[in-house]
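Report on the structure given below.
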Amino acid sequence: MERPELPLPQLHAFVVLAEELHFGHAAARLGIAQPPLSQQIRRLEDKVGHALFTRAPGRVALTPAGRELLPAARRALTDLAGGLAAARAVGSGRSGRLRIGFAASLALTILPGLLRTFRHRFPDVHLDIHEMTTAPQIAALHDRTIDIGLLREPPSDETELGFRTVLSEPFVAVLPSTHPLATRRTVRLAQLADSPFVLLPRTVGPALHDRIIGLCTAAGFTPRVVQHAVEWQTVCALVETGLGVSLAPASIRRIRLEGVAFRRIEPGTARTRVAVAWRENDPDPLVAHLLATIGQDPGDPGDPWGG
């Protein structure tokens with residue numbers, strides 16, 4: 001197909017003249033004098049190779065070629081106007097697409113409030129949400145398949161990503177309801193030394209896995225891990241079967257399983273950090289908007305020990 005070379009001012013002048021069918025009125029509407037309007041129409045007719053208007057004293061009319069061109073010219077101008085408006089909206093961050101990765105446990109804390117607040121402020125932005133553990137989120141940020149990550153225990157050796165802590169919550173012991181320690185309100189970590197453990201594999205969250213192992217080591221033992229599970233809900237389900245015990249963020253207590261007991265642990269200073277992650281120097285204004293939303297209290301995660 002031959003590439004058309006039709007300057008937009010000529011197309012615009014053609015459409016206005018086709019609507020007015022009067023050179024004086026069309027020129028006034030365009031804000032130009034009649035001679036430049038006539039020149040633009042002649043140049044357009046030269047490119048088309050046919051007359052677009054018949055001209056007679058006091059009368060201007062479209063030729064068959066002009067009538068054929070008019071709908072396409074209107075569509076071209078309308079499409080361009082729409083494209084410019086869409087580009088400006090995306091460029092200013094009022095619309096577009098934002099891809100977010102999140103750790104599953106954050107659906108129990110900050111995620112619902114954050115998304116609700118962001119959607120209220122930017123209703124024309126499409127949010128593409130992906131449930132992912134920490135290591136896949138880091139990889140996806142580097143691969144540019146997500147724009148924002150919400151994860152636990154971010155790595156300390158990243159130089160291309162930015163991190164900001166958005167939540168710190170305590171760890172809890174996750175016990176089968178039949179476990180001898182389930183009758184207590186608080187469990188000392190050392191009391192779990194003889195129990196088998198169910199934990200997330202290190203590959204999905206190295207820093208979080210090492211944090212849990214480090215807590216146990218500080219309490220004087222190395223946990224005997226008998227089973228791994230990728231999601232906290234699966235960890236709790238395996239604990240319910242009596243397969244072992246676990247340590248988890250306190251928000252996991254909102255997963256209601258009759259055969260599982262969640263207990264505070266000592267030392268009570270043991271906490272896990274939730275962070276937002278993004279590519280440093282990312283020019284996408286939607287990333288800046290989401291970071292600003294997080295900084296404006298997207299929602300109270302609530303007391304994980306509340307009723």
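Lettering and numbering for the structure tokens are positional, with chains as A, B, ... in the shown order, residues counted from 1 in each chain, and ligands counted from 1 in the shown order.
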### Message
With only C-alpha atoms as the counted atoms, please give the residues lying no more than 9 Å from Gly242 of chain A, apart from itself and same-chain residues fewer than 4 positions off, as a VMD selection string.
### Response
chain A and resid 175 to 179 238 259
Just to be explicit: take each residue in the selection above, keep N, CA and C atoms, and write the result as a tab-separated table (two decimals), in the first residue's frame.
chain	number	residue	atom	x	y	z
A	175	LEU	N	1.18	-23.81	65.27
A	175	LEU	CA	1.21	-25.12	65.91
A	175	LEU	C	-0.05	-25.92	65.59
A	176	PRO	N	0.08	-27.24	65.50
A	176	PRO	CA	-1.15	-28.04	65.48
A	176	PRO	C	-1.90	-27.82	66.79
A	177	SER	N	-3.21	-27.79	66.74
A	177	SER	CA	-3.98	-27.54	67.97
A	177	SER	C	-3.75	-28.63	69.01
A	178	THR	N	-3.21	-29.78	68.58
A	178	THR	CA	-2.93	-30.89	69.52
A	178	THR	C	-1.53	-30.80	70.11
A	179	HIS	N	-0.74	-29.84	69.70
A	179	HIS	CA	0.63	-29.69	70.20
A	179	HIS	C	0.59	-29.29	71.67
A	238	LEU	N	-0.53	-27.89	56.26
A	238	LEU	CA	0.34	-29.01	56.62
A	238	LEU	C	0.56	-29.07	58.12
A	259	GLY	N	-7.77	-26.62	63.18
A	259	GLY	CA	-6.74	-27.45	63.79
A	259	GLY	C	-5.41	-26.77	63.95
### Query
Can you list, as a PyMOL selection string, every residue of segment 159-279 of chain A that DSSP puts in alpha helix (DSSP H)?
chain A and resi 206-218+232-240
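For the pair atom CA of Leu84 of chain A and atom CA of Asp128 of chain A, the interatomic distance is 23.9 Å.
You can rank A:Glu158, A:Asp79, A:Glu19, A:Asp124 by their closest distance to Glu280 of chain A using only C-alpha atoms, and at the top of that list sits A:Glu158.
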### Residues of segment 165-284 of chain A in strand (DSSP E or B), written as an MDAnalysis selection string
chainID A and resid 165:176 186:188 196:199 224:228 245:249 260:266 271:279
Those selected residues, please, written with N, CA and C atoms and delivered as a compact mmCIF listing (two decimals), in the first residue's frame.
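Contents of selection22.txt, freshly written:
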# COMPACT_ATOMS: atom_id res chain seq x y z
N THR A 165 10.43 0.28 53.29
CA THR A 165 9.65 -0.51 54.24
C THR A 165 8.27 0.11 54.41
N VAL A 166 7.23 -0.73 54.31
CA VAL A 166 5.86 -0.24 54.46
C VAL A 166 5.16 -0.88 55.65
N LEU A 167 5.73 -1.94 56.20
CA LEU A 167 5.09 -2.63 57.31
C LEU A 167 6.12 -3.50 58.01
N SER A 168 6.03 -3.54 59.34
CA SER A 168 6.84 -4.46 60.13
C SER A 168 5.89 -5.19 61.08
N GLU A 169 5.91 -6.51 61.04
CA GLU A 169 4.99 -7.27 61.89
C GLU A 169 5.72 -8.40 62.60
N PRO A 170 5.23 -8.80 63.76
CA PRO A 170 5.90 -9.86 64.53
C PRO A 170 5.72 -11.23 63.89
N PHE A 171 6.60 -12.13 64.27
CA PHE A 171 6.44 -13.54 63.93
C PHE A 171 5.55 -14.21 64.96
N VAL A 172 4.90 -15.28 64.56
CA VAL A 172 4.12 -16.11 65.48
C VAL A 172 4.51 -17.56 65.28
N ALA A 173 4.29 -18.37 66.31
CA ALA A 173 4.45 -19.81 66.18
C ALA A 173 3.14 -20.38 65.62
N VAL A 174 3.27 -21.25 64.63
CA VAL A 174 2.12 -21.93 64.03
C VAL A 174 2.17 -23.38 64.48
N LEU A 175 1.18 -23.81 65.27
CA LEU A 175 1.21 -25.12 65.91
C LEU A 175 -0.05 -25.92 65.59
N PRO A 176 0.08 -27.24 65.50
CA PRO A 176 -1.15 -28.04 65.48
C PRO A 176 -1.90 -27.82 66.79
N THR A 186 1.94 -17.78 75.11
CA THR A 186 3.22 -17.38 74.53
C THR A 186 4.16 -18.57 74.54
N VAL A 187 4.93 -18.69 73.47
CA VAL A 187 5.87 -19.80 73.32
C VAL A 187 7.28 -19.24 73.20
N ARG A 188 8.20 -19.80 73.99
CA ARG A 188 9.60 -19.45 73.80
C ARG A 188 10.15 -20.26 72.63
N PRO A 196 9.46 -30.97 64.57
CA PRO A 196 9.76 -30.83 63.13
C PRO A 196 9.14 -29.55 62.60
N PHE A 197 9.73 -29.01 61.54
CA PHE A 197 9.28 -27.73 60.99
C PHE A 197 8.78 -27.88 59.55
N VAL A 198 7.77 -27.05 59.22
CA VAL A 198 7.31 -26.86 57.85
C VAL A 198 7.63 -25.42 57.48
N LEU A 199 8.44 -25.21 56.44
CA LEU A 199 8.87 -23.86 56.08
C LEU A 199 8.76 -23.62 54.58
N ARG A 224 14.64 -28.62 62.39
CA ARG A 224 14.63 -29.84 61.58
C ARG A 224 13.45 -29.74 60.61
N VAL A 225 13.75 -29.34 59.38
CA VAL A 225 12.71 -29.09 58.38
C VAL A 225 12.34 -30.41 57.70
N VAL A 226 11.05 -30.80 57.83
CA VAL A 226 10.60 -32.06 57.26
C VAL A 226 9.77 -31.85 55.99
N GLN A 227 9.34 -30.61 55.76
CA GLN A 227 8.49 -30.35 54.60
C GLN A 227 8.60 -28.88 54.20
N HIS A 228 8.61 -28.60 52.90
CA HIS A 228 8.56 -27.24 52.39
C HIS A 228 7.22 -27.01 51.69
N VAL A 245 5.60 -27.87 62.92
CA VAL A 245 5.26 -26.52 63.37
C VAL A 245 5.92 -25.54 62.41
N SER A 246 5.64 -24.26 62.59
CA SER A 246 6.28 -23.27 61.72
C SER A 246 6.37 -21.93 62.44
N LEU A 247 7.14 -21.03 61.87
CA LEU A 247 7.16 -19.62 62.26
C LEU A 247 6.69 -18.82 61.07
N ALA A 248 5.80 -17.86 61.30
CA ALA A 248 5.18 -17.13 60.20
C ALA A 248 4.87 -15.70 60.63
N PRO A 249 4.67 -14.79 59.66
CA PRO A 249 4.22 -13.43 60.00
C PRO A 249 2.87 -13.49 60.71
N VAL A 260 -5.37 -25.44 63.83
CA VAL A 260 -4.11 -24.70 63.92
C VAL A 260 -4.22 -23.65 65.03
N ALA A 261 -3.17 -23.55 65.84
CA ALA A 261 -3.09 -22.54 66.90
C ALA A 261 -1.94 -21.59 66.57
N PHE A 262 -2.19 -20.30 66.71
CA PHE A 262 -1.17 -19.28 66.49
C PHE A 262 -0.82 -18.67 67.84
N ARG A 263 0.45 -18.66 68.18
CA ARG A 263 0.87 -18.18 69.50
C ARG A 263 2.00 -17.17 69.37
N ARG A 264 1.96 -16.16 70.25
CA ARG A 264 3.07 -15.21 70.32
C ARG A 264 4.35 -15.95 70.68
N ILE A 265 5.46 -15.37 70.24
CA ILE A 265 6.73 -16.00 70.58
C ILE A 265 7.60 -15.04 71.38
N GLU A 266 8.51 -15.63 72.14
CA GLU A 266 9.55 -14.87 72.82
C GLU A 266 10.89 -15.30 72.23
N ARG A 271 10.71 -9.67 64.28
CA ARG A 271 9.73 -9.11 63.35
C ARG A 271 10.17 -9.37 61.91
N THR A 272 9.20 -9.29 60.99
CA THR A 272 9.48 -9.43 59.57
C THR A 272 9.10 -8.15 58.86
N ARG A 273 9.89 -7.79 57.87
CA ARG A 273 9.73 -6.51 57.19
C ARG A 273 9.06 -6.71 55.83
N VAL A 274 8.05 -5.89 55.55
CA VAL A 274 7.40 -5.84 54.24
C VAL A 274 7.86 -4.57 53.53
N ALA A 275 8.22 -4.70 52.26
CA ALA A 275 8.73 -3.55 51.52
C ALA A 275 8.07 -3.46 50.16
N VAL A 276 8.04 -2.24 49.63
CA VAL A 276 7.68 -2.03 48.23
C VAL A 276 8.98 -1.93 47.45
N ALA A 277 9.01 -2.52 46.27
CA ALA A 277 10.22 -2.53 45.45
C ALA A 277 9.91 -1.99 44.06
N TRP A 278 10.88 -1.31 43.46
CA TRP A 278 10.70 -0.76 42.13
C TRP A 278 12.08 -0.59 41.48
N ARG A 279 12.09 -0.41 40.18
CA ARG A 279 13.33 -0.14 39.47
C ARG A 279 13.74 1.31 39.70
### Query
What's the 12 Å shell around Leu69 of chain A, counting only C-alpha atoms, without same-chain residues fewer than 2 positions away, as a ChimeraX atom specification?
/A:6,11,14-15,18,44-45,48,50-53,62-67,71-76
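Atom pair atom CA of Thr109 of chain A / atom CA of Ile252 of chain A: separated by 9.3 Å.
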### Query
From the set A:Ile146, A:Ile129, A:Leu70, A:Val235, which residue has the shortest atom-to-atom contact distance to Leu111 of chain A, counting only C-alpha atoms?
A:Ile129
### Message
My list of candidates is A:Thr217, A:Thr145, A:Gln34, A:Gln233. Which is closest to Leu98 of chain A when distances are computed with only C-alpha atoms?
### Response
A:Thr145
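Of the residues listed (A:Val287, A:Leu215, A:Val230, A:Val60), A:Val287 shows the shortest atom-to-atom separation from Gly96 of chain A; distances use only C-alpha atoms.
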Would you kindly return, as a CSV table (one decimal) with all heavy atoms, in the first residue's frame, each protein, DNA or RNA residue with an atom no farther than 8 Å from any atom of segment 130-140 of chain A, considering only C-alpha atoms and excluding same-chain residues fewer than 2 positions away?
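Output file out.csv follows:
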chain,number,residue,atom,x,y,z
A,99,ARG,N,1.7,-3.0,36.5
A,99,ARG,CA,1.8,-4.4,36.8
A,99,ARG,C,2.5,-4.5,38.2
A,99,ARG,O,3.6,-4.0,38.4
A,99,ARG,CB,2.7,-5.1,35.8
A,99,ARG,CG,2.1,-5.0,34.3
A,99,ARG,CD,3.2,-5.3,33.3
A,99,ARG,NE,4.3,-4.4,33.4
A,99,ARG,CZ,5.4,-4.5,32.6
A,99,ARG,NH1,5.5,-5.5,31.8
A,99,ARG,NH2,6.4,-3.7,32.8
A,100,ILE,N,1.7,-5.2,39.1
A,100,ILE,CA,2.1,-5.3,40.5
A,100,ILE,C,2.3,-6.8,40.9
A,100,ILE,O,1.4,-7.6,40.7
A,100,ILE,CB,1.1,-4.6,41.4
A,100,ILE,CG1,0.9,-3.2,41.0
A,100,ILE,CG2,1.5,-4.7,42.9
A,100,ILE,CD1,-0.2,-2.5,41.7
A,101,GLY,N,3.4,-7.1,41.5
A,101,GLY,CA,3.6,-8.4,42.1
A,101,GLY,C,3.4,-8.3,43.6
A,101,GLY,O,3.8,-7.2,44.2
A,102,PHE,N,2.8,-9.3,44.2
A,102,PHE,CA,2.6,-9.2,45.7
A,102,PHE,C,2.8,-10.6,46.3
A,102,PHE,O,2.4,-11.6,45.7
A,102,PHE,CB,1.3,-8.6,46.0
A,102,PHE,CG,0.1,-9.5,45.7
A,102,PHE,CD1,-0.5,-10.3,46.8
A,102,PHE,CD2,-0.4,-9.7,44.5
A,102,PHE,CE1,-1.5,-11.1,46.6
A,102,PHE,CE2,-1.5,-10.5,44.2
A,102,PHE,CZ,-2.0,-11.3,45.3
A,103,ALA,N,3.3,-10.6,47.5
A,103,ALA,CA,3.3,-11.8,48.3
A,103,ALA,C,1.9,-12.1,48.8
A,103,ALA,O,1.2,-11.2,49.2
A,103,ALA,CB,4.3,-11.6,49.5
A,104,ALA,N,1.6,-13.4,48.8
A,104,ALA,CA,0.2,-13.8,49.1
A,104,ALA,C,-0.3,-13.3,50.5
A,104,ALA,O,-1.4,-12.9,50.6
A,104,ALA,CB,0.1,-15.3,48.9
A,128,ASP,N,-2.7,-4.7,36.9
A,128,ASP,CA,-2.4,-6.1,36.5
A,128,ASP,C,-1.7,-6.7,37.7
A,128,ASP,O,-0.5,-6.5,37.9
A,128,ASP,CB,-1.6,-6.1,35.2
A,128,ASP,CG,-1.5,-7.5,34.6
A,128,ASP,OD1,-2.1,-8.4,35.2
A,128,ASP,OD2,-0.9,-7.6,33.5
A,142,HIS,N,13.6,-7.1,37.4
A,142,HIS,CA,14.8,-7.0,36.5
A,142,HIS,C,14.4,-7.3,35.1
A,142,HIS,O,14.9,-6.6,34.2
A,142,HIS,CB,15.8,-8.0,37.0
A,142,HIS,CG,16.6,-7.5,38.2
A,142,HIS,ND1,17.4,-6.4,38.2
A,142,HIS,CD2,16.7,-8.1,39.4
A,142,HIS,CE1,17.9,-6.2,39.4
A,142,HIS,NE2,17.6,-7.2,40.2
A,143,ASP,N,13.4,-8.2,34.9
A,143,ASP,CA,13.0,-8.6,33.5
A,143,ASP,C,12.0,-7.6,33.0
A,143,ASP,O,11.5,-7.8,31.8
A,143,ASP,CB,12.4,-10.0,33.5
A,143,ASP,CG,13.5,-11.1,33.8
A,143,ASP,OD1,14.7,-10.8,33.7
A,143,ASP,OD2,13.1,-12.2,34.2
A,144,ARG,N,11.5,-6.7,33.8
A,144,ARG,CA,10.5,-5.7,33.4
A,144,ARG,C,9.2,-6.3,33.1
A,144,ARG,O,8.4,-5.8,32.2
A,144,ARG,CB,11.0,-4.8,32.2
A,144,ARG,CG,12.3,-4.0,32.6
A,144,ARG,CD,12.8,-3.1,31.5
A,144,ARG,NE,13.9,-2.3,31.9
A,144,ARG,CZ,13.8,-1.2,32.5
A,144,ARG,NH1,12.6,-0.6,32.7
A,144,ARG,NH2,14.9,-0.5,32.9
A,145,THR,N,8.8,-7.4,33.7
A,145,THR,CA,7.5,-8.0,33.6
A,145,THR,C,6.6,-7.5,34.7
A,145,THR,O,5.4,-7.8,34.6
A,145,THR,CB,7.6,-9.5,33.5
A,145,THR,OG1,8.3,-10.0,34.7
A,145,THR,CG2,8.4,-10.0,32.3
A,146,ILE,N,7.1,-6.9,35.7
A,146,ILE,CA,6.2,-6.2,36.7
A,146,ILE,C,6.9,-4.8,36.9
A,146,ILE,O,8.1,-4.7,36.6
A,146,ILE,CB,6.0,-6.9,38.0
A,146,ILE,CG1,7.4,-7.1,38.8
A,146,ILE,CG2,5.3,-8.3,37.8
A,146,ILE,CD1,7.2,-7.6,40.2
A,149,GLY,N,6.8,-4.2,43.2
A,149,GLY,CA,6.8,-5.5,43.9
A,149,GLY,C,6.4,-5.1,45.4
A,149,GLY,O,6.8,-4.1,45.9
A,151,LEU,N,6.8,-7.2,48.8
A,151,LEU,CA,7.4,-8.5,49.2
A,151,LEU,C,7.9,-8.4,50.6
A,151,LEU,O,7.9,-7.3,51.3
A,151,LEU,CB,8.6,-8.7,48.2
A,151,LEU,CG,9.5,-7.6,47.9
A,151,LEU,CD1,10.6,-7.4,48.9
A,151,LEU,CD2,10.1,-7.8,46.5
A,152,ARG,N,8.3,-9.6,51.1
A,152,ARG,CA,8.9,-9.7,52.5
A,152,ARG,C,10.4,-9.8,52.4
A,152,ARG,O,10.9,-10.5,51.6
A,152,ARG,CB,8.3,-10.9,53.2
A,152,ARG,CG,6.8,-10.7,53.6
A,152,ARG,CD,6.3,-11.8,54.5
A,152,ARG,NE,4.9,-11.6,54.8
A,152,ARG,CZ,4.5,-10.8,55.8
A,152,ARG,NH1,5.4,-10.2,56.6
A,152,ARG,NH2,3.2,-10.7,56.0
A,153,GLU,N,11.0,-9.2,53.4
A,153,GLU,CA,12.5,-9.3,53.6
A,153,GLU,C,13.2,-9.1,52.3
A,153,GLU,O,13.8,-10.0,51.7
A,153,GLU,CB,12.8,-10.7,54.2
A,153,GLU,CG,12.2,-10.9,55.6
A,153,GLU,CD,12.6,-10.0,56.7
A,153,GLU,OE1,13.7,-9.4,56.6
A,153,GLU,OE2,11.8,-9.7,57.6
A,154,PRO,N,13.3,-7.9,51.8
A,154,PRO,CA,14.0,-7.6,50.5
A,154,PRO,C,15.5,-7.9,50.7
A,154,PRO,O,16.0,-7.8,51.8
A,154,PRO,CB,13.7,-6.1,50.3
A,154,PRO,CG,13.5,-5.6,51.6
A,154,PRO,CD,12.8,-6.6,52.4
A,203,THR,N,14.5,-20.9,48.1
A,203,THR,CA,14.5,-20.4,46.7
A,203,THR,C,13.5,-19.4,46.5
A,203,THR,O,13.6,-18.5,45.6
A,203,THR,CB,14.3,-21.6,45.7
A,203,THR,OG1,13.1,-22.3,46.1
A,203,THR,CG2,15.5,-22.5,45.7
A,204,VAL,N,12.3,-19.4,47.2
A,204,VAL,CA,11.3,-18.4,46.9
A,204,VAL,C,11.4,-17.2,47.7
A,204,VAL,O,10.8,-16.1,47.4
A,204,VAL,CB,9.9,-19.1,47.1
A,204,VAL,CG1,9.7,-20.3,46.3
A,204,VAL,CG2,9.6,-19.4,48.6
A,205,GLY,N,12.2,-17.2,48.8
A,205,GLY,CA,12.4,-16.0,49.7
A,205,GLY,C,13.6,-16.2,50.5
A,205,GLY,O,13.5,-16.5,51.7
A,206,PRO,N,14.8,-16.0,49.9
A,206,PRO,CA,16.0,-16.3,50.7
A,206,PRO,C,16.1,-15.5,52.0
A,206,PRO,O,16.5,-16.1,53.0
A,206,PRO,CB,17.1,-15.9,49.7
A,206,PRO,CG,16.5,-16.1,48.3
A,206,PRO,CD,15.0,-15.7,48.5
A,230,VAL,N,5.3,-23.6,49.3
A,230,VAL,CA,5.5,-22.3,48.7
A,230,VAL,C,4.7,-21.2,49.3
A,230,VAL,O,5.1,-20.1,49.5
A,230,VAL,CB,5.4,-22.4,47.2
A,230,VAL,CG1,5.5,-21.0,46.6
A,230,VAL,CG2,6.4,-23.3,46.6
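With distances restricted to only C-alpha atoms, A:Arg164 is the closest residue to Ala292 of chain A from A:Arg164, A:Arg211, A:Arg184, A:Arg254.
Note that atom CA of Val125 of chain A and atom CA of Leu286 of chain A are 8.4 Å apart.
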